[in-house]
Amino acid sequence: MNAKADSRRGPLWFGEFEVGPTAVVYRKTGARVPFSRSLAADLQSWLRYFFAVQKEAARTAPAFTMACAPDRGRPWYLIWPVMRLAGGRLAPIAQADVLMHFEDATWSDNAPPATRRTDARLINFNCTDVSKSRIAAAFEAAFGYPLALEPTRHTGPAVEKSELNGAHDGRTIECPAAPRPGHVYQRLIDNRSQKRDARGRELVEDFRCPTVGGKPICVFIKRRPIDARFGNDNSEVELALPEQLFSVDELSRIGDFARRLGLDWGGVDVLRDKGEGRLYIVDANKTDMGPPIALPLADKLAATRMLARAFRAYVKGE
């Protein structure tokens with residue numbers, strides 16, 4: 001989480017990206033982003049947010065020290081601006097008040113570093129598995145009804161997706177169907193929005209819930225065209241409070257889900273089925289990025305401040 005130049009990686013994390021003739025590739029995950037006008041606009045939007053956070057963080061009094069292991073949380077991950085506005089300052093692992101397990105991987109070996117302080121606050125070291133099958137199992141245990149299904153026995157539409165976290169490779173299939181290795185099968189949630197975009201297209205609606213200590217702090221309402229429902233490019237994003245969207249019982253069950261995963265910090269993707277009215281948790285990410293690019297800058301900063309207040313209270317045991 002160091003914004004300074006690193007002689008091994010290049011200045012300002014540039015060495016962590018591979019720039020090709022048609023796309024930029026993030027070396028850690030292999031994520032490939034093709035060059036486009038929208039990429040340039042997204043980068044400009046992110047830089048406005050980044051410098052606004054830097055300016056505000058410079059006026060924030062130090063409150064705790066923090067380190068990430070085995071990887072460093074970079075500024076495009078949500079924890080970085082939240083930590084900064086919470087008064088967190090970077091420190092070596094052996095000196096940090098707070099130590100977060102940070103690895104952009106589906107499965108991980110989360111043994112805390114032996115060099116840590118014995119009184120350091122540990123975050124996400126019990127979150128070792130964020131595969132889609134693990135998420136479905138934790139969801140069913142917390143909510144009492146299933147998301148997963150057996151594709152050879154189910155009749156009708158279903159969702160097929162990779163076990164891997166962050167793959168965004170979901171697709172709708174017709175069942176019965178033979179399962180493919182490395183994939184999971186889930187019910188197709190009717191999460192159509194009441195809103196339509198400027199072109200009159202039908203939209204789906206996801207609730208991304210950043211959580212601290214298992215509690216959703218704010219919600220990003222993300223909408224995109226129904227034919228791009230499994231993508232990550234949003235037509236629009238709104239900021240809301242959890243209490244505006246979820247009941248007390250639903251919030252309790254979301255917290256139970258997070259505890260079952262060992263997720264102290266992270267993002268949870270929640271859908272509400274239009275016909276049933278019930279919630280379904282379809283994804284969770286312990287290395288959440290954000291806030292979403294399509295969210296207005298004022299709301300990005302408002303959400304970051306809400307999360308920073310909650311994170312500071314959590315790490316200090318308040």
# chains A, B, ... in the order shown; residues from 1 in each chain; ligands from 1
$ select_by_dssp --residues "segment 242-300 of chain A" --states "strand (DSSP E)" --output "list in words"
Trp265, Gly266, Gly267, Val268, Asp269, Val270, Leu271, Arg272, Leu279, Tyr280, Ile281, Val282, Asp283, Ala284 and Asn285 of chain A
$ closest_atom_pairs --of "segment 278-297 of chain A" --to "segment 164-178 of chain A" --cutoff "12 Å" --atoms "only C-alpha atoms" --output "JSON lines"
{"residue": "A:Val282", "atom": "CA", "partner": "A:Asn165", "partner_atom": "CA", "distance": 11.0}
{"residue": "A:Asp283", "atom": "CA", "partner": "A:Asn165", "partner_atom": "CA", "distance": 8.0}
{"residue": "A:Ala284", "atom": "CA", "partner": "A:Asn165", "partner_atom": "CA", "distance": 8.1}
{"residue": "A:Asn285", "atom": "CA", "partner": "A:Asn165", "partner_atom": "CA", "distance": 7.3}
{"residue": "A:Lys286", "atom": "CA", "partner": "A:Asn165", "partner_atom": "CA", "distance": 9.7}
{"residue": "A:Thr287", "atom": "CA", "partner": "A:Gly166", "partner_atom": "CA", "distance": 9.9}
{"residue": "A:Asp288", "atom": "CA", "partner": "A:Gly166", "partner_atom": "CA", "distance": 9.6}
{"residue": "A:Met289", "atom": "CA", "partner": "A:Gly166", "partner_atom": "CA", "distance": 10.5}
$ residues_around --residues "Glu56 of chain A" --least-positions-apart "4" --cutoff "9 Å" --atoms "only C-alpha atoms" --output "list of chain:residue names"
A:Phe51, A:Ala52, A:Thr60, A:Arg84, A:Leu85
$ closest_residue --among "A:Asn234, A:Ser108, A:Asn124, A:Ser45" --to "Trp76 of chain A" --atoms "only C-alpha atoms"
A:Ser45
$ residues_around --residues "segment 308-315 of chain A" --least-positions-apart "5" --cutoff "7 Å" --atoms "only C-alpha atoms" --output "list in words"
Val82, Met83, Leu85, Ala86, Val98, Arg121, Val212 and Gly213 of chain A
$ write_last_selection --atoms "C-alpha atoms" --output "PDB file, in the first residue's frame"
ATOM      1  CA  VAL A  82     -10.926   3.818   3.336  1.00  0.00           C
ATOM      2  CA  MET A  83      -7.763   3.204   5.343  1.00  0.00           C
ATOM      3  CA  LEU A  85      -9.602   8.506   5.477  1.00  0.00           C
ATOM      4  CA  ALA A  86      -9.842   6.411   8.650  1.00  0.00           C
ATOM      5  CA  VAL A  98      -3.634  -3.668  12.115  1.00  0.00           C
ATOM      6  CA  ARG A 121      -5.639  -6.654  15.009  1.00  0.00           C
ATOM      7  CA  VAL A 212     -16.989  -3.984   7.992  1.00  0.00           C
ATOM      8  CA  GLY A 213     -17.052  -6.617  10.723  1.00  0.00           C
TER       9      GLY A 213
END
$ closest_residue --among "A:Ala258, A:Leu245, A:Ala198, A:Ala57" --to "Arg278 of chain A" --atoms "only C-alpha atoms"
A:Leu245
$ closest_residue --among "A:Ile93, A:Val219, A:Leu39, A:Ala141" --to "Arg72 of chain A" --atoms "only C-alpha atoms"
A:Ile93
$ select_by_dssp --residues "segment 91-296 of chain A" --states "helix (DSSP H, G or I)" --output "number ranges by chain"
A: 93-95, 132-143, 226-228, 242-245, 248-261
$ atom_distance --atom1 "atom CA of Arg59 of chain A" --atom2 "atom CA of Leu47 of chain A"
19.0 Å
$ closest_residue --among "A:Arg260, A:Ile189, A:Asp97, A:Leu297" --to "Trp46 of chain A" --atoms "only C-alpha atoms"
A:Leu297
$ residues_around --residues "Thr118 of chain A" --least-positions-apart "2" --cutoff "12 Å" --atoms "only C-alpha atoms" --output "PDB file with N, CA and C atoms, in the first residue's frame"
ATOM      1  N   ILE A  93       5.192  -4.747   8.719  1.00  0.00           N
ATOM      2  CA  ILE A  93       4.361  -5.766   9.365  1.00  0.00           C
ATOM      3  C   ILE A  93       4.688  -5.897  10.849  1.00  0.00           C
ATOM      4  N   ALA A  94       5.955  -5.861  11.203  1.00  0.00           N
ATOM      5  CA  ALA A  94       6.362  -6.073  12.598  1.00  0.00           C
ATOM      6  C   ALA A  94       5.904  -4.951  13.518  1.00  0.00           C
ATOM      7  N   GLN A  95       5.523  -3.800  12.951  1.00  0.00           N
ATOM      8  CA  GLN A  95       5.150  -2.653  13.781  1.00  0.00           C
ATOM      9  C   GLN A  95       3.674  -2.272  13.679  1.00  0.00           C
ATOM     10  N   ALA A  96       2.919  -2.888  12.774  1.00  0.00           N
ATOM     11  CA  ALA A  96       1.565  -2.433  12.469  1.00  0.00           C
ATOM     12  C   ALA A  96       0.568  -2.781  13.571  1.00  0.00           C
ATOM     13  N   ASP A  97      -0.320  -1.816  13.864  1.00  0.00           N
ATOM     14  CA  ASP A  97      -1.434  -2.064  14.786  1.00  0.00           C
ATOM     15  C   ASP A  97      -2.453  -3.014  14.166  1.00  0.00           C
ATOM     16  N   VAL A  98      -2.631  -2.895  12.852  1.00  0.00           N
ATOM     17  CA  VAL A  98      -3.634  -3.668  12.115  1.00  0.00           C
ATOM     18  C   VAL A  98      -2.940  -4.399  10.977  1.00  0.00           C
ATOM     19  N   LEU A  99      -3.246  -5.684  10.845  1.00  0.00           N
ATOM     20  CA  LEU A  99      -2.660  -6.484   9.781  1.00  0.00           C
ATOM     21  C   LEU A  99      -3.793  -7.167   9.011  1.00  0.00           C
ATOM     22  N   PRO A 112      -0.972 -16.016   9.491  1.00  0.00           N
ATOM     23  CA  PRO A 112      -0.440 -14.675   9.768  1.00  0.00           C
ATOM     24  C   PRO A 112       1.084 -14.691   9.805  1.00  0.00           C
ATOM     25  N   PRO A 113       1.730 -13.635   9.339  1.00  0.00           N
ATOM     26  CA  PRO A 113       3.194 -13.576   9.362  1.00  0.00           C
ATOM     27  C   PRO A 113       3.741 -13.720  10.775  1.00  0.00           C
ATOM     28  N   ALA A 114       4.793 -14.489  10.907  1.00  0.00           N
ATOM     29  CA  ALA A 114       5.394 -14.709  12.226  1.00  0.00           C
ATOM     30  C   ALA A 114       5.997 -13.438  12.787  1.00  0.00           C
ATOM     31  N   THR A 115       6.284 -12.454  11.925  1.00  0.00           N
ATOM     32  CA  THR A 115       6.933 -11.220  12.366  1.00  0.00           C
ATOM     33  C   THR A 115       5.946 -10.186  12.899  1.00  0.00           C
ATOM     34  N   ARG A 116       4.665 -10.522  12.938  1.00  0.00           N
ATOM     35  CA  ARG A 116       3.668  -9.541  13.378  1.00  0.00           C
ATOM     36  C   ARG A 116       3.763  -9.310  14.882  1.00  0.00           C
ATOM     37  N   ALA A 120      -1.485  -7.305  17.395  1.00  0.00           N
ATOM     38  CA  ALA A 120      -2.000  -6.694  16.171  1.00  0.00           C
ATOM     39  C   ALA A 120      -3.422  -7.181  15.890  1.00  0.00           C
ATOM     40  N   ARG A 121      -4.278  -6.287  15.398  1.00  0.00           N
ATOM     41  CA  ARG A 121      -5.639  -6.654  15.009  1.00  0.00           C
ATOM     42  C   ARG A 121      -5.577  -7.336  13.650  1.00  0.00           C
ATOM     43  N   LEU A 122      -6.020  -8.592  13.594  1.00  0.00           N
ATOM     44  CA  LEU A 122      -5.958  -9.367  12.363  1.00  0.00           C
ATOM     45  C   LEU A 122      -7.288  -9.294  11.624  1.00  0.00           C
TER      46      LEU A 122
END
$ atom_distance --atom1 "atom CA of Ala142 of chain A" --atom2 "atom CA of Gly255 of chain A"
8.7 Å
$ atom_distance --atom1 "atom CA of Arg153 of chain A" --atom2 "atom CA of Ala137 of chain A"
18.6 Å
$ decode --residues "segment 50-72 of chain A" --atoms "N, CA and C atoms" --output "mmCIF file, in the first residue's frame"
data_model
loop_
_atom_site.group_PDB
_atom_site.id
_atom_site.type_symbol
_atom_site.label_atom_id
_atom_site.label_comp_id
_atom_site.auth_asym_id
_atom_site.auth_seq_id
_atom_site.Cartn_x
_atom_site.Cartn_y
_atom_site.Cartn_z
ATOM 1 N N PHE A 50 -9.092 9.676 -6.702
ATOM 2 C CA PHE A 50 -7.832 9.406 -6.017
ATOM 3 C C PHE A 50 -7.240 10.675 -5.419
ATOM 4 N N PHE A 51 -7.178 11.754 -6.196
ATOM 5 C CA PHE A 51 -6.567 12.985 -5.697
ATOM 6 C C PHE A 51 -7.466 13.674 -4.660
ATOM 7 N N ALA A 52 -8.785 13.511 -4.779
ATOM 8 C CA ALA A 52 -9.680 14.061 -3.752
ATOM 9 C C ALA A 52 -9.469 13.347 -2.423
ATOM 10 N N VAL A 53 -9.281 12.016 -2.476
ATOM 11 C CA VAL A 53 -9.002 11.259 -1.252
ATOM 12 C C VAL A 53 -7.658 11.672 -0.660
ATOM 13 N N GLN A 54 -6.655 11.815 -1.510
ATOM 14 C CA GLN A 54 -5.337 12.229 -1.027
ATOM 15 C C GLN A 54 -5.401 13.578 -0.311
ATOM 16 N N LYS A 55 -6.144 14.492 -0.883
ATOM 17 C CA LYS A 55 -6.266 15.825 -0.292
ATOM 18 C C LYS A 55 -6.950 15.763 1.064
ATOM 19 N N GLU A 56 -8.026 14.992 1.154
ATOM 20 C CA GLU A 56 -8.747 14.887 2.418
ATOM 21 C C GLU A 56 -7.948 14.109 3.459
ATOM 22 N N ALA A 57 -7.240 13.070 3.016
ATOM 23 C CA ALA A 57 -6.449 12.266 3.952
ATOM 24 C C ALA A 57 -5.319 13.072 4.575
ATOM 25 N N ALA A 58 -4.800 14.041 3.833
ATOM 26 C CA ALA A 58 -3.723 14.875 4.363
ATOM 27 C C ALA A 58 -4.185 15.690 5.569
ATOM 28 N N ARG A 59 -5.496 15.896 5.699
ATOM 29 C CA ARG A 59 -6.038 16.648 6.838
ATOM 30 C C ARG A 59 -6.555 15.734 7.947
ATOM 31 N N THR A 60 -6.408 14.417 7.775
ATOM 32 C CA THR A 60 -6.916 13.450 8.744
ATOM 33 C C THR A 60 -5.833 13.082 9.741
ATOM 34 N N ALA A 61 -6.132 13.183 11.016
ATOM 35 C CA ALA A 61 -5.148 12.867 12.051
ATOM 36 C C ALA A 61 -4.850 11.370 12.072
ATOM 37 N N PRO A 62 -3.591 10.980 12.235
ATOM 38 C CA PRO A 62 -3.248 9.555 12.318
ATOM 39 C C PRO A 62 -3.962 8.893 13.487
ATOM 40 N N ALA A 63 -4.492 7.667 13.259
ATOM 41 C CA ALA A 63 -5.239 6.957 14.291
ATOM 42 C C ALA A 63 -4.696 5.553 14.551
ATOM 43 N N PHE A 64 -4.077 4.942 13.546
ATOM 44 C CA PHE A 64 -3.527 3.593 13.709
ATOM 45 C C PHE A 64 -2.564 3.334 12.557
ATOM 46 N N THR A 65 -1.740 2.310 12.707
ATOM 47 C CA THR A 65 -0.850 1.895 11.632
ATOM 48 C C THR A 65 -1.342 0.574 11.070
ATOM 49 N N MET A 66 -1.028 0.317 9.804
ATOM 50 C CA MET A 66 -1.592 -0.841 9.128
ATOM 51 C C MET A 66 -0.628 -1.388 8.091
ATOM 52 N N ALA A 67 -0.696 -2.692 7.890
ATOM 53 C CA ALA A 67 0.065 -3.369 6.838
ATOM 54 C C ALA A 67 -0.808 -4.453 6.235
ATOM 55 N N CYS A 68 -0.512 -4.818 4.982
ATOM 56 C CA CYS A 68 -1.200 -5.902 4.290
ATOM 57 C C CYS A 68 -0.193 -6.997 3.955
ATOM 58 N N ALA A 69 -0.642 -8.251 3.967
ATOM 59 C CA ALA A 69 0.221 -9.373 3.622
ATOM 60 C C ALA A 69 -0.649 -10.509 3.058
ATOM 61 N N PRO A 70 -0.168 -11.274 2.099
ATOM 62 C CA PRO A 70 1.184 -11.228 1.528
ATOM 63 C C PRO A 70 1.353 -10.156 0.450
ATOM 64 N N ASP A 71 0.236 -9.601 -0.048
ATOM 65 C CA ASP A 71 0.316 -8.573 -1.078
ATOM 66 C C ASP A 71 0.023 -7.201 -0.495
ATOM 67 N N ARG A 72 0.361 -6.180 -1.258
ATOM 68 C CA ARG A 72 0.067 -4.811 -0.850
ATOM 69 C C ARG A 72 -1.233 -4.347 -1.500
#
